[in-house]
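Okay, structure first, notes after.
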Amino acid sequence: RRVFRTDGGRAVRDGGGIEPDVVLPSDGVSRAHLRSLLAEARAYYRYAGVWQERHAADGERIVRSAADVRERDGERIVRSGDLASLITDADYAHFREWVGARAGGLQSPFDPSLDVLRRALQDTGYGEAVGAVDRLGEGLRAALRRELDTDAPAIKRLLAGAVRERYVPESLGLAMGLNDDPQVLAAMRLAQDPDRYLALVRPPAPFIPTLSVG
């Protein structure tokens, strides 16, 4: 990518769109297909209802405790939050079983392409190869289900958010969500580090453009 300079001397590169000044580290998940499929199937919302039934006696207390919700002058105040604690290991194990019982309804991102391949094989007289395509599809769906392990922290956060919405007003839910949002937390750390913050916003050293005559 070619590097250009703004009038103020900041380096910018062509292609790729706007780049952030601070890049957060990856969450370690190279793919998150299952996370997206669960969202499309409204699995987080639906399981929040299951969680609510399982915690009928103590659900509101758990949510308020996780968000550290306090009352002051008749107003709910969120002091801090740990939404991840809403979904315990036992809850997540139950969610895995719940998803497993409904896994047939989750379509792998590759299923449409595999269907096209099956039809093409049948139409061209290679029907005996369809079994290999079926085995490939089963392997891909198994890999998809393994994301319940590899992507567990992010899925737990999404589940916790869905549970939270069952108990608190939207405004309070948004405030709670900010407490463990990775980008918000990174921005807060940056704002609390004056040297690093000023290094980002301070104009670069004087830049004198040069003209090349060719």
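Letters for chains follow the order of the structure tokens (A, B, ...), residue numbers begin at 1 for each chain, and ligand numbers begin at 1 in the order shown.
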Contacts of segment 156-158 of chain A within 12 Å, only C-alpha atoms, excl. fewer than 4 positions in-chain, as number ranges by chain: A: 35-36, 38-39, 42-45, 47-48, 82-93, 95-96, 148-152, 162-165, 176-182
Atomic distance atom CA of Val133 of chain A - atom CA of Pro112 of chain A, expressed in Å with one decimal: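 One can read the atom CA of Val133 of chain A to atom CA of Pro112 of chain A distance as 12.0 Å.
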Residues near Leu200 of chain A, cut-off 12 Å, only C-alpha atoms, skip fewer than 6 positions along chain, as a PyMOL selection string: chain A and resi 10+20-22+190-191+193-194
